[in-house]
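Q: After the structure tokens below, expect a handful of questions from me.
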Amino acid sequence: MSRPISVTIHMNALRSNLERVRVTAAGRDIWAVVKANAYGHGLTNAVQAFEKAEGLAVLEVGEAIRARTLGWKKRILLLEGFFEDADIDNLEKYDIETVIHSTWMIDALKRHAPHSKIKCHIKINSGMNRLGFLNFECPEVHAMLESIPGVSVVGVMTHFANAEPTYLADGPATVDKQLARLGRLKQLDGGVCLANSAATLFRPEVGGDSVRAGIVLYGASPDKHISNAELGIRPAMTFAAKIIAVQQIAPGEAVGYGSRWVAKRPSRIAVVACGYADGYPRTMPDGAPTYVEGKIAPLAGAVSMDMLAIDVTDVPEADIGSVVELWGEHILVNDLADYCGTIGYELLCALAPRVPIRISENN
Ligand SMILES: *Cc1c(COP(=O)(O)O)cnc(C)c1O
């Protein structure tokens, strides 16, 4: 018998979100970003659902090899490039394109030359100040890479820190400021990749030849102030667990570790088979919503490792065996994340491997 908890991945939602991006991408190629186990949705599912994307973007060589093993024949890009010399052979063997963001990477490629065919994307730091070369360094980096036997430059990339429309117009790193720093690079012929989900949806004018779409494909808005309905996307994941016990408690009784939640009235408390070891944050406060039997039931007390409790006093239909949606169609992951001061991305990625992933083909 398995524990009554699972995530369900809605394959049609993944596919229709990709189609939605296809429209806004307006002729640009789409890299489907599938790092972090496809934002918790399972690489296998993503490889299937995103078969119409032009490429997959991953973080590690291991993920790229898995995608190849799963039958992905189109392009694959390492978003942060390789991390050690030992990865370089695999770039050739599995035809994996790599970002180049630092000179140590160029040195490594030189040391291991000649290569048969390594395709590089030069990463430009246009103001986010994480990875990349400054734009004036780009021609030299380009020349250095092209001088290594078997290495070619196929693209230029940058990443926006704040492409959401609600970001301050006079903030330190607006899209406009970052574009200005990119200068004429953005007009390079072919291989320019600028936009993440937010820029793809909200700043189509940034252009480029391809986009890197992550969160939007999974049906979460990159800007919590802009709804899924406005964007025409649908959550691809339902995280749910069942009620395994119900307690009737008197006013003044407390629930869970630390006795944080205290009953103000005679209360029905349902215990749900999901805890922080499943990826439901322990930092979630009392009152955070769950969805059960068609109604919202608030979290009651600190989340335990393997369980959490909800107040179902006002949901008399909720009982042992009832399915509780933790996030999904009714509890949007971004809205829930807001309760504990984070973003939907983190909750999706933090889903624990012990939670079984099921597939729903039809909805
Ligand atoms: C993760 C990542 C993306 C995808 O970002 P979303 O906001 O999920 O669309 C794009 N580009 C790079 C470099 C990334 O690391």
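Ordered as shown in the structure tokens, chains take letters A, B, and onward, while each chain numbers its residues from 1 and ligands are numbered from 1 in the order shown.
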How close does chain A get to ligand 1? List, as CSV, each residue of chain A within 8 Å, its nearest atom pair and the distance in Å to one decimal, counting only C-alpha atoms and all ligand atoms.

A:
```
residue,atom,partner,partner_atom_place_in_ligand_line,distance
A:Val33,CA,ligand 1,4 (C),5.7
A:Lys35,CA,ligand 1,1 (C),7.0
A:Leu59,CA,ligand 1,15 (O),7.7
A:Leu79,CA,ligand 1,13 (C),5.3
A:Glu80,CA,ligand 1,13 (C),6.9
A:Thr158,CA,ligand 1,13 (C),7.4
A:His159,CA,ligand 1,13 (C),5.7
A:Ala195,CA,ligand 1,10 (C),7.2
A:Asn196,CA,ligand 1,9 (O),4.2
A:Ser197,CA,ligand 1,9 (O),3.5
A:Ala198,CA,ligand 1,7 (O),6.1
A:Arg212,CA,ligand 1,10 (C),4.9
A:Ala213,CA,ligand 1,9 (O),4.2
A:Gly214,CA,ligand 1,8 (O),3.3
A:Ile215,CA,ligand 1,8 (O),3.7
A:Val216,CA,ligand 1,9 (O),6.3
A:Pro222,CA,ligand 1,7 (O),6.2
A:Tyr345,CA,ligand 1,8 (O),7.5
```

Q: Quick one: DSSP helix (DSSP H, G or I) residues in segment 28-142 of chain A, as number ranges by chain?

A: A: 35-39, 43-49, 61-69, 85-93, 103-111, 135-142

Q: Using only C-alpha atoms, which protein or nucleic acid residues come within 7 Å of Glu361 of chain A? Drop anything in the same chain fewer than 5 positions from it, and give the result as a list in words.

A: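 My list of contacting residues is His10, Met11 and Asn12 of chain A.
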
Q: Let me see the file: selected residues, C-alpha atoms, as a PDB file, in the first residue's frame.

A:
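New file selection_33.pdb:
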```pdb
ATOM      1  CA  HIS A  10      -1.540  17.233 -16.813  1.00  0.00           C
ATOM      2  CA  MET A  11       0.119  16.502 -20.126  1.00  0.00           C
ATOM      3  CA  ASN A  12      -2.436  18.492 -22.106  1.00  0.00           C
TER       4      ASN A  12
END
```

Q: In terms of the shortest atom-to-atom distance over only C-alpha atoms, which of A:Ala300, A:Met284, A:Asp209, A:Ala236 is closest to Lys264 of chain A?

A: A:Ala300

Q: Would you list the contacts of Gly40 of chain A as a PyMOL selection string, taking every protein, DNA or RNA residue within 7 Å and counting only C-alpha atoms, but skipping same-chain residues closer than 2 positions in sequence?

A: chain A and resi 36-38+42+348-349+351

Q: Identify, on the basis of only C-alpha atoms, every residue whose closest approach to Gln247 of chain A does not exceed 9 Å; exclude the query and any residue fewer than 3 positions from it along the same chain; express the result as number ranges by chain.

A: A: 267-271
